[in-house]
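K.L.:
So that we are looking at the same thing, I have put the structure below in structure tokens.
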Amino acid sequence: MPELIAKSPLAGRPPVTRGALTLSETPMDAVTSLALFPGQSKAMARVLKPMGLSFPAPNRVSQSGDARLVWTGRDQAFLIGVGAPAIPAEVAAVTDQSDCWAGLSVEGPAAHDALMRWVPIDLRPKSFAVGSAIRAPLYHMQAIILRMTADRIDLMVFRSMARTAWHEIDVAMTTIEARAARQK
Amino acid sequence: MRLSCPLCGSRDRREFYYYGSDDYLNRPAPEAAPEAWDHYLHLRDNPAGVTKDLWYHELGCAQWLLVTRNTVTHEVLAAELVADRKGAVR
Amino acid sequence: MRVDGKGLIDRTKPVRFTFDGRAYGGYRGDTLASALLANDVTLMARSFKYHRPRGVLTAGSEEPNALVEIIGATNQTPNVRATVQEVFEGLAARSQNRWPSLKYDGMAINDLLSPFFSAGFYYKTFMWPRAFWEKLYEPLIRRAAGLGSLSGRHDEGLYEKAYAFCDLLVIGSGPAGLMAALTAARSGADVILAEEEARLGGRVLADDIMVGGKPGADWVAEVQAELAGLPNVRIMRRTTVVGVYDHGTYGALERVGLHQPARANLPRECFWRIVAKRAILASGALERGIAFPMNDRPGIMMAGALRTYLNIYGVAPGKRITLFANNDGARVTARALIAAGVPVAAIVDSRPDAPMEDGTLVHAGARVIDTKGRLALRQITVLKGAEQIEIETDALGVSGGWNPTLHLTCHMNGRPRWSDDLAAFVPQDGAVPGMIAAGAANGTFSTHGCLAAGHASAAMALSDMDMRPAVIAVPMAEDAPYRLSALWTVEGKGRAWLDLGNDVTTKDVGLSAQENFSSVEHMKRYTTQGMAPDQGKSSNVAALAVLANATGRSIPETGTTTYRPPYVPVSIAALGAGGRAMGFAPQRFLTSDQASRDRGAPMIEAGLWYRPSYFPKPGDATWRDSCDREVMMVRQTVGVADVSTLGKIDIQGADAARFLDFVYCNTFSTLPVGKVRYGLMLREDGFVLDDGTTARLGDTRYLMTTTTAAAGLVMRHLDFVHQAFCADWNVRIISVTEGWAQFAVAGPQARMLVNSFLEAPVYLPFMGVAPVRVGGVDGRLFRISFSGEEGYEIAVPTRYGEALFRDLVARAETMGGGPYGMEALNVLRIEKGFITHAEIHGRVTAFDIGMDKMISAKKDCIGKASAMRPGLVGPEREQLVGLKVGGETAMVAGAHLFAQGDAIKRETSQGCVTSVCWSPTLQMWLGMAFLKNGRARHGNKLRLVDHMRDVDLVVEVCDPVFHDPSGEKLRA
């Protein structure tokens, strides 16, 4: 019988700090896609209510305890942090996405500065407030980007691209650190 | 160039994949005459002015958009989800 | 020469730099041009065509003359404007376009031959013989006429790109820009202030103007301090807005690290894409010259540049200065110079009614008609009435008036408007939606007018965005009227230059008109006027005036050429920042990546994925040895391959079956749960889009696989079909490609291997699928084969992929098997006649690959109506066939097929070869090809010809399934 050891997308790569910014891999233990079938939003609301969650509006996150319900598309959200509840088959397509994504986080007061090297979107706190979740490119990569706290931005990218995503963000952080030390 | 995705908001053109005219939404009946299929697949107007075309928010929400824009002024007049458009039901 | 007590350079920070190998001193805050002038170096360049000695003409990015090469550790950058490059400790600059040196340039012979080198010379001279153009003339001309040189090595410098957003983008920080930014900032708007120079202030600093009763530099410092302290303002210095694009998108180039010694991780430049709701163009104006005879000598520069060098850099570009103007600019300059103690010999004012000037000799109604001095200006000749006056001078400041810097207003097809009052083009209102031109950029030339316009335009932009503009008192400042009497050219004996960058003279423009290249766009191309790196910033309008005169039209009738982005040169490296080498695309790695590399497998790119090519073993001489061994391993024992790259799409819902029936040409609603079926997907125009297997996991749930290459394409297609034609159906689709690590286990011993690692053995019929448990993990087992042997694919959640791959390979090896790579995978599938995107390459129909019978007659599907139309079926189509050839003779993919006896030419080609391999199983070369009426031609002998690789041989057409045609092994 094989012994199957689980490995995270970046296999435990330690966080890296450049200036005031820290890049880390974040665990993606349970991610479930909930995609509503037409006309099932009320039924879904009934399923979510006991969990303290509501189906998120576009570009938003609904949170309750460890559970986050992250908007990811038209009538589609990812339940992250907890296992999927029982959902009647006619209400939503339920798909395990736990192994599809790599989680990264950039922490620091100007996390948006590093990410806006690659993400063509205004990620400053004023426009991308706590509780925001968007689908957007990280350079050439499709990503889910969310802000759960003021000084940290979380990203999800395709698992196989985790190393590239890490590299791009690290380069951005490194150049920002070098910029801070340049001649005025 | 920027497009306003009804779900994601104003986004840079680089997030979108361009397909072509909204004619692609008007699929003929299977038994339609070859001329109808020819028209559907291959014959296109090239308007100087208002046109409607299809864009895929590939690096965003993966929705197809029906965009109304002016090829002369470059104004984008409207963008709606193909899935939500009037008459979407086939 | 440095002037004591003047300038904004930091005299506490001296720096050493070199120009053409010689060391000089400057100060932090100097440009290369100002530091060279301070060292009395006025000869900085040789001209493009005639190799004439040239100095510096301007003090800004519009400089046409003083282009140099900057030599860095990792870069050699040609055509850098000495007026833009700041000096720093260790800066190494080199003059360009000269040999052997700037002082003695062999190519200056061109200047003596200049009568032959008039406009159109190349076109007329190098016409014949025609064949000489490409081989002889063009290389020669390019060598002679080049500008700077490249290192010939890769640019290893770091470049950056970034995005920014704001309510209001203010372009330029002169009086108008600063007032606009201040107004918007105090109103709470989100502001970006972009300034091309290292300092904010524009001509407030350059002209040392009093603003609000205090020295301009103090006023600028106060405003800057306030703006810098506000959280809603971002000041971007050394940043040139270079282009305007649709919907409020602006491109800007920031010189991040070019002003200081190279530093690890510090980018050289950053290309910004700024999205602004509104913009104010406060880019100022550019001074223009007067085309008088021999107006190109080092020491002749713009009058405004003289003031800039004096007031910002504390430099006097000469010891005895003269001025020549058609407006009041000359006397403003003279006053500043005299106040700083620099002698002014005379003012030459072309206006007959020019006022006198206290303490300075003014020649009213006079013109400069000649100059002398080989490497530097020595003397000018002035014509006043009938009198010729010779004046000894080493620097001449010229002002022919000012042109609003309106380039950005034309980037979206806007055309400027001619103003007779200013004798200049001014921006057309609303030329760029959301952008307002203000101040000098809009033809307002007094400082007070600019301050007021900055405030008013910001207020207008804010109101437009429904913001309440803060009320700010406009500070007092000079408000002198702009008095100018247009003067474009001065007649005389010598050549009078318009475009110094490309060596275009008034005579060239006249010749162009004479030869009927009288449209402005034709004149530009005939003479190359405005086509140098400076794009004619200081010469285009004068050239228009000359053309207008030569063709008897007015300037507005003559029109302008089109201003296009970028406003200043932009390095490609900045535009493509991050995209070099591996940055070009994301790299996708398999969970087995490290295990494969550990075994020495060379990795090859498959789309964005990296897959093992083959697994070498000691004794393998070439890749073919490894590949042949791996093929035989699969045919005889068992092999393991990572096939996780295949696209996997989860399709759920009550209408999932109906949806699959619609997107596949064959039927999936009849597929039983627990079974897998091969599916063929068509495009609506009847051509094959993709193929793959789809498993039915439950009543309302399917798992589709796509080819690796087409995974994204198929997802986009499915989304389109779903959203466009059946958004109301109960079906949802989502990619799970990344969620499953999937490994093929193939060979006669595959079943034994599979059962050795499952928690409970299963029997799967061919094309079956079942849930399994592996090492405590839920997985899926498919019985499918891409090799022709009994084959399985085991899928587990990706996090377990590496562990399972290592385990499977170890198990296979104990059975005499092992891993196999892409090369073996390809041979196995060719032997079995399975197609890939080498075959379904976009021009192939279901009929062509012999699968037209799969198109269900019972239902509609995408592509059905077209698939059977005339032209897409029938004997004239090229159909999939196999090719055989005896012995060791190698076939090549890409070769064309011809009937024996036919002439070998395009028209007689019968088809072409798509895939070939050496088959270790059958000990011969095999091929797959598309051949006209091919299915009826099995057994025919054809010629296979590839001129590129010198292959010409006879092959036999056969069925494309070479191995196990009855499929016994597959179904065992």
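Naming works like this for the structure tokens: A, B, ... for the chains as they're shown, residue 1 at the start of each chain, ligands 1 onward in shown order.
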Find the residues near His42 (chain B): any atom within 12 Å, counting only C-alpha atoms, skip ones fewer than 2 places away on the same chain, and give them as a PDB file with C-alpha atoms, in the first residue's frame.
P.N.:
ATOM      1  CA  GLY B  20     -16.358  38.859 -33.197  1.00  0.00           C
ATOM      2  CA  SER B  21     -19.745  40.184 -34.154  1.00  0.00           C
ATOM      3  CA  ASP B  23     -24.124  37.651 -35.165  1.00  0.00           C
ATOM      4  CA  TYR B  24     -22.671  34.563 -33.492  1.00  0.00           C
ATOM      5  CA  PRO B  34     -26.923  26.622 -46.303  1.00  0.00           C
ATOM      6  CA  GLU B  35     -27.181  30.330 -47.115  1.00  0.00           C
ATOM      7  CA  ALA B  36     -28.369  31.031 -43.556  1.00  0.00           C
ATOM      8  CA  TRP B  37     -25.426  29.110 -42.133  1.00  0.00           C
ATOM      9  CA  ASP B  38     -23.041  30.815 -44.509  1.00  0.00           C
ATOM     10  CA  HIS B  39     -24.338  34.162 -43.370  1.00  0.00           C
ATOM     11  CA  TYR B  40     -24.132  33.167 -39.722  1.00  0.00           C
ATOM     12  CA  ARG B  44     -20.078  40.264 -41.558  1.00  0.00           C
ATOM     13  CA  ASP B  45     -20.851  43.935 -41.766  1.00  0.00           C
TER      14      ASP B  45
ATOM     15  CA  GLU C 684     -19.536  25.557 -35.597  1.00  0.00           C
ATOM     16  CA  ASP C 685     -17.911  25.800 -39.036  1.00  0.00           C
ATOM     17  CA  SER C 866     -21.529  22.665 -41.486  1.00  0.00           C
TER      18      SER C 866
END
K.L.:
Do you know which residues are at most 9 Å from Val82 (chain A) counting only C-alpha atoms, after dropping those on the same chain fewer than 4 positions away, and could you put them as a list in words?
P.N.:
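Listing them by chain and then by number gives Asp29, Ala30, Val31, Thr32, Asp66, Ala67 and Arg68 of chain A.
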K.L.:
Find the nearest atom pair between each residue of chain B and chain A for residues within 8 Å, count only C-alpha atoms, give distances in Å to one decimal, sort rows by chain and ascending number, and present the table as JSON lines.
P.N.:
{"residue": "B:Leu7", "atom": "CA", "partner": "A:Pro58", "partner_atom": "CA", "distance": 6.0}
{"residue": "B:Cys8", "atom": "CA", "partner": "A:Asn59", "partner_atom": "CA", "distance": 6.7}
{"residue": "B:Arg11", "atom": "CA", "partner": "A:Ile121", "partner_atom": "CA", "distance": 7.3}
{"residue": "B:Asp12", "atom": "CA", "partner": "A:Pro120", "partner_atom": "CA", "distance": 6.8}
{"residue": "B:Glu15", "atom": "CA", "partner": "A:Pro137", "partner_atom": "CA", "distance": 6.9}
{"residue": "B:Leu59", "atom": "CA", "partner": "A:Gln142", "partner_atom": "CA", "distance": 5.3}
{"residue": "B:Gly60", "atom": "CA", "partner": "A:Arg135", "partner_atom": "CA", "distance": 4.7}
{"residue": "B:Cys61", "atom": "CA", "partner": "A:Gly73", "partner_atom": "CA", "distance": 5.0}
{"residue": "B:Ala62", "atom": "CA", "partner": "A:Gly73", "partner_atom": "CA", "distance": 7.2}
{"residue": "B:Gln63", "atom": "CA", "partner": "A:Arg74", "partner_atom": "CA", "distance": 7.5}
K.L.:
Output as an MDAnalysis selection string the set of chain C residues within 6 Å of chain B, with distances taken over only C-alpha atoms.
P.N.:
chainID C and resid 246:247 723:725 727 865
K.L.:
Could you state the separation of CA of Met822 (chain C) and CA of Ser644 (chain C) in Å, given to one decimal place?
P.N.:
12.7 Å
K.L.:
Which neighbours of Ala364 (chain C) fall inside 8 Å, counting only C-alpha atoms, when residues of the same chain fewer than 2 positions from it are skipped, and could you give them as a list in words?
P.N.:
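Counting only the stated atoms, we get Val348, Asp349, Ser350, Arg351, Pro352, Asp353, Ala354, Pro355, Val362, Ala366 and Lys384 of chain C.
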K.L.:
Would you write out those residues with C-alpha atoms, as a PDB file, in the first residue's frame?
P.N.:
ATOM      1  CA  VAL C 348      19.222  90.868 -32.772  1.00  0.00           C
ATOM      2  CA  ASP C 349      15.476  91.471 -32.958  1.00  0.00           C
ATOM      3  CA  SER C 350      13.746  90.864 -36.271  1.00  0.00           C
ATOM      4  CA  ARG C 351      10.916  93.225 -35.394  1.00  0.00           C
ATOM      5  CA  PRO C 352      11.563  96.667 -36.922  1.00  0.00           C
ATOM      6  CA  ASP C 353       9.635  98.248 -34.048  1.00  0.00           C
ATOM      7  CA  ALA C 354      11.472  96.333 -31.362  1.00  0.00           C
ATOM      8  CA  PRO C 355      11.924  98.446 -28.247  1.00  0.00           C
ATOM      9  CA  VAL C 362      19.599  96.006 -29.723  1.00  0.00           C
ATOM     10  CA  ALA C 366      17.835  92.774 -38.089  1.00  0.00           C
ATOM     11  CA  LYS C 384      20.363  95.269 -40.577  1.00  0.00           C
TER      12      LYS C 384
END
K.L.:
Given a cut-off of 9 Å, which residues of chain A touch chain C, counting only C-alpha atoms, written out as an mmCIF file with N, CA and C atoms, in the first residue's frame?
P.N.:
data_model
loop_
_atom_site.group_PDB
_atom_site.id
_atom_site.type_symbol
_atom_site.label_atom_id
_atom_site.label_comp_id
_atom_site.auth_asym_id
_atom_site.auth_seq_id
_atom_site.Cartn_x
_atom_site.Cartn_y
_atom_site.Cartn_z
ATOM 1 N N MET A 1 0.846 -1.205 0.000
ATOM 2 C CA MET A 1 0.000 0.000 0.000
ATOM 3 C C MET A 1 0.881 1.255 0.000
ATOM 4 N N PRO A 2 0.709 2.130 -0.988
ATOM 5 C CA PRO A 2 1.575 3.314 -1.008
ATOM 6 C C PRO A 2 1.261 4.259 0.144
ATOM 7 N N GLU A 3 2.303 4.928 0.594
ATOM 8 C CA GLU A 3 2.087 5.947 1.613
ATOM 9 C C GLU A 3 2.072 7.294 0.903
ATOM 10 N N LEU A 4 0.905 7.919 0.898
ATOM 11 C CA LEU A 4 0.768 9.150 0.131
ATOM 12 C C LEU A 4 0.931 10.360 1.048
ATOM 13 N N ILE A 5 2.030 11.056 0.824
ATOM 14 C CA ILE A 5 2.307 12.251 1.620
ATOM 15 C C ILE A 5 1.768 13.461 0.862
ATOM 16 N N ALA A 6 0.984 14.269 1.553
ATOM 17 C CA ALA A 6 0.428 15.470 0.910
ATOM 18 C C ALA A 6 1.490 16.557 0.859
ATOM 19 N N LYS A 7 1.545 17.263 -0.288
ATOM 20 C CA LYS A 7 2.453 18.400 -0.423
ATOM 21 C C LYS A 7 1.655 19.620 -0.853
ATOM 22 N N SER A 8 1.937 20.741 -0.236
ATOM 23 C CA SER A 8 1.274 21.970 -0.655
ATOM 24 C C SER A 8 1.932 22.441 -1.953
ATOM 25 N N PRO A 9 1.280 23.342 -2.675
ATOM 26 C CA PRO A 9 1.804 23.739 -3.993
ATOM 27 C C PRO A 9 3.238 24.236 -3.940
ATOM 28 N N SER A 33 -16.354 24.725 -4.785
ATOM 29 C CA SER A 33 -17.113 25.613 -5.661
ATOM 30 C C SER A 33 -18.604 25.309 -5.525
ATOM 31 N N ALA A 35 -21.920 26.363 -7.438
ATOM 32 C CA ALA A 35 -22.423 27.058 -8.626
ATOM 33 C C ALA A 35 -23.924 26.832 -8.721
ATOM 34 N N LEU A 36 -24.658 27.907 -8.578
ATOM 35 C CA LEU A 36 -26.121 27.791 -8.529
ATOM 36 C C LEU A 36 -26.692 27.389 -9.880
ATOM 37 N N PHE A 37 -27.704 26.551 -9.823
ATOM 38 C CA PHE A 37 -28.487 26.324 -11.033
ATOM 39 C C PHE A 37 -29.504 27.462 -11.150
ATOM 40 N N PRO A 38 -30.028 27.675 -12.354
ATOM 41 C CA PRO A 38 -30.921 28.830 -12.542
ATOM 42 C C PRO A 38 -32.069 28.828 -11.537
ATOM 43 N N ALA A 89 -28.958 18.297 -4.875
ATOM 44 C CA ALA A 89 -28.335 18.283 -6.200
ATOM 45 C C ALA A 89 -28.966 19.273 -7.156
ATOM 46 N N GLU A 90 -30.248 19.611 -6.940
ATOM 47 C CA GLU A 90 -30.892 20.517 -7.892
ATOM 48 C C GLU A 90 -30.596 21.993 -7.587
ATOM 49 N N ALA A 92 -27.361 23.396 -6.529
ATOM 50 C CA ALA A 92 -26.073 23.906 -7.001
ATOM 51 C C ALA A 92 -25.165 22.754 -7.388
ATOM 52 N N ALA A 93 -24.278 23.041 -8.330
ATOM 53 C CA ALA A 93 -23.207 22.103 -8.643
ATOM 54 C C ALA A 93 -22.129 22.309 -7.595
ATOM 55 N N VAL A 94 -21.741 21.238 -6.937
ATOM 56 C CA VAL A 94 -20.745 21.317 -5.871
ATOM 57 C C VAL A 94 -19.485 20.620 -6.362
ATOM 58 N N THR A 95 -18.389 21.340 -6.415
ATOM 59 C CA THR A 95 -17.157 20.775 -6.961
ATOM 60 C C THR A 95 -15.995 21.067 -6.025
ATOM 61 N N ASP A 96 -15.296 20.005 -5.662
ATOM 62 C CA ASP A 96 -14.115 20.195 -4.824
ATOM 63 C C ASP A 96 -13.027 20.905 -5.619
ATOM 64 N N GLN A 97 -12.529 22.007 -5.078
ATOM 65 C CA GLN A 97 -11.473 22.773 -5.752
ATOM 66 C C GLN A 97 -10.228 22.863 -4.877
ATOM 67 N N SER A 98 -10.202 22.081 -3.793
ATOM 68 C CA SER A 98 -9.137 22.235 -2.794
ATOM 69 C C SER A 98 -7.744 22.123 -3.389
ATOM 70 N N ASP A 99 -7.591 21.237 -4.372
ATOM 71 C CA ASP A 99 -6.256 21.011 -4.907
ATOM 72 C C ASP A 99 -5.997 21.790 -6.188
ATOM 73 N N CYS A 100 -6.954 22.611 -6.568
ATOM 74 C CA CYS A 100 -6.802 23.356 -7.814
ATOM 75 C C CYS A 100 -6.000 24.633 -7.627
ATOM 76 N N TRP A 101 -5.923 25.106 -6.401
ATOM 77 C CA TRP A 101 -5.400 26.453 -6.182
ATOM 78 C C TRP A 101 -4.224 26.476 -5.228
ATOM 79 N N ASP A 113 0.852 47.905 -3.523
ATOM 80 C CA ASP A 113 1.914 48.468 -4.351
ATOM 81 C C ASP A 113 2.633 47.371 -5.126
ATOM 82 N N ALA A 114 2.956 46.296 -4.433
ATOM 83 C CA ALA A 114 3.651 45.189 -5.092
ATOM 84 C C ALA A 114 2.731 44.528 -6.110
ATOM 85 N N LEU A 115 1.498 44.293 -5.716
ATOM 86 C CA LEU A 115 0.603 43.556 -6.616
ATOM 87 C C LEU A 115 0.210 44.380 -7.828
ATOM 88 N N MET A 116 0.171 45.696 -7.680
ATOM 89 C CA MET A 116 -0.226 46.521 -8.823
ATOM 90 C C MET A 116 0.890 46.652 -9.859
ATOM 91 N N ARG A 117 2.011 45.956 -9.641
ATOM 92 C CA ARG A 117 2.992 45.783 -10.715
ATOM 93 C C ARG A 117 2.437 44.801 -11.745
ATOM 94 N N TRP A 118 1.589 43.896 -11.306
ATOM 95 C CA TRP A 118 1.133 42.804 -12.187
ATOM 96 C C TRP A 118 -0.373 42.776 -12.372
ATOM 97 N N VAL A 119 -1.096 43.343 -11.433
ATOM 98 C CA VAL A 119 -2.559 43.284 -11.485
ATOM 99 C C VAL A 119 -3.085 44.634 -11.986
ATOM 100 N N PRO A 120 -3.793 44.648 -13.108
ATOM 101 C CA PRO A 120 -4.198 45.929 -13.695
ATOM 102 C C PRO A 120 -5.435 46.513 -13.024
ATOM 103 N N ILE A 121 -5.469 46.492 -11.727
ATOM 104 C CA ILE A 121 -6.661 46.903 -10.984
ATOM 105 C C ILE A 121 -6.236 47.731 -9.777
ATOM 106 N N ASP A 122 -7.062 48.688 -9.422
ATOM 107 C CA ASP A 122 -6.776 49.546 -8.273
ATOM 108 C C ASP A 122 -7.014 48.752 -6.992
ATOM 109 N N TYR A 139 -0.461 39.294 -13.890
ATOM 110 C CA TYR A 139 0.301 39.208 -15.135
ATOM 111 C C TYR A 139 -0.481 38.302 -16.090
ATOM 112 N N HIS A 140 0.097 37.149 -16.502
ATOM 113 C CA HIS A 140 -0.631 36.310 -17.461
ATOM 114 C C HIS A 140 -1.552 35.307 -16.773
ATOM 115 N N MET A 141 -1.546 35.273 -15.453
ATOM 116 C CA MET A 141 -2.242 34.197 -14.739
ATOM 117 C C MET A 141 -3.625 34.617 -14.263
ATOM 118 N N PHE A 158 -3.712 29.249 -10.050
ATOM 119 C CA PHE A 158 -3.683 27.833 -10.395
ATOM 120 C C PHE A 158 -2.460 27.191 -9.749
ATOM 121 N N ARG A 159 -2.702 26.045 -9.175
ATOM 122 C CA ARG A 159 -1.674 25.376 -8.392
ATOM 123 C C ARG A 159 -0.375 25.182 -9.173
ATOM 124 N N SER A 160 -0.479 24.781 -10.434
ATOM 125 C CA SER A 160 0.734 24.486 -11.202
ATOM 126 C C SER A 160 1.560 25.742 -11.464
ATOM 127 N N MET A 161 0.942 26.916 -11.314
ATOM 128 C CA MET A 161 1.645 28.168 -11.605
ATOM 129 C C MET A 161 2.165 28.847 -10.338
ATOM 130 N N ALA A 162 2.095 28.148 -9.218
ATOM 131 C CA ALA A 162 2.432 28.772 -7.941
ATOM 132 C C ALA A 162 3.838 29.352 -7.938
ATOM 133 N N ARG A 163 4.780 28.619 -8.536
ATOM 134 C CA ARG A 163 6.168 29.092 -8.504
ATOM 135 C C ARG A 163 6.324 30.378 -9.308
ATOM 136 N N THR A 164 5.660 30.433 -10.452
ATOM 137 C CA THR A 164 5.738 31.659 -11.255
ATOM 138 C C THR A 164 5.113 32.825 -10.494
ATOM 139 N N ALA A 165 3.961 32.592 -9.897
ATOM 140 C CA ALA A 165 3.285 33.664 -9.164
ATOM 141 C C ALA A 165 4.175 34.175 -8.028
ATOM 142 N N GLU A 168 7.037 36.283 -9.498
ATOM 143 C CA GLU A 168 6.643 37.617 -9.972
ATOM 144 C C GLU A 168 6.428 38.569 -8.787
ATOM 145 N N VAL A 171 9.715 39.509 -7.148
ATOM 146 C CA VAL A 171 10.444 40.514 -7.935
ATOM 147 C C VAL A 171 9.854 41.896 -7.666
ATOM 148 N N ALA A 172 8.527 41.994 -7.653
ATOM 149 C CA ALA A 172 7.888 43.292 -7.417
ATOM 150 C C ALA A 172 8.261 43.827 -6.036
ATOM 151 N N THR A 174 10.910 43.104 -4.290
ATOM 152 C CA THR A 174 12.332 43.437 -4.282
ATOM 153 C C THR A 174 12.584 44.799 -4.930
ATOM 154 N N THR A 175 11.915 45.063 -6.050
ATOM 155 C CA THR A 175 12.146 46.344 -6.723
ATOM 156 C C THR A 175 11.576 47.491 -5.892
ATOM 157 N N ILE A 176 10.478 47.245 -5.215
ATOM 158 C CA ILE A 176 9.909 48.313 -4.381
ATOM 159 C C ILE A 176 10.864 48.633 -3.224
ATOM 160 N N GLU A 177 11.456 47.594 -2.682
ATOM 161 C CA GLU A 177 12.431 47.815 -1.613
ATOM 162 C C GLU A 177 13.623 48.619 -2.141
ATOM 163 N N ALA A 178 14.081 48.279 -3.341
ATOM 164 C CA ALA A 178 15.226 49.000 -3.920
ATOM 165 C C ALA A 178 14.855 50.444 -4.247
ATOM 166 N N ARG A 179 13.627 50.655 -4.699
ATOM 167 C CA ARG A 179 13.173 52.027 -5.005
ATOM 168 C C ARG A 179 13.244 52.917 -3.760
ATOM 169 N N ALA A 181 15.236 52.927 -1.471
ATOM 170 C CA ALA A 181 16.596 53.294 -1.065
ATOM 171 C C ALA A 181 17.325 54.093 -2.137
ATOM 172 N N ARG A 182 16.633 54.498 -3.178
ATOM 173 C CA ARG A 182 17.362 55.186 -4.262
ATOM 174 C C ARG A 182 17.551 56.662 -3.957
ATOM 175 N N GLN A 183 18.413 57.297 -4.766
ATOM 176 C CA GLN A 183 18.624 58.742 -4.640
ATOM 177 C C GLN A 183 17.361 59.478 -5.031
ATOM 178 N N LYS A 184 17.085 60.531 -4.293
ATOM 179 C CA LYS A 184 15.854 61.286 -4.571
ATOM 180 C C LYS A 184 16.004 62.087 -5.854
#
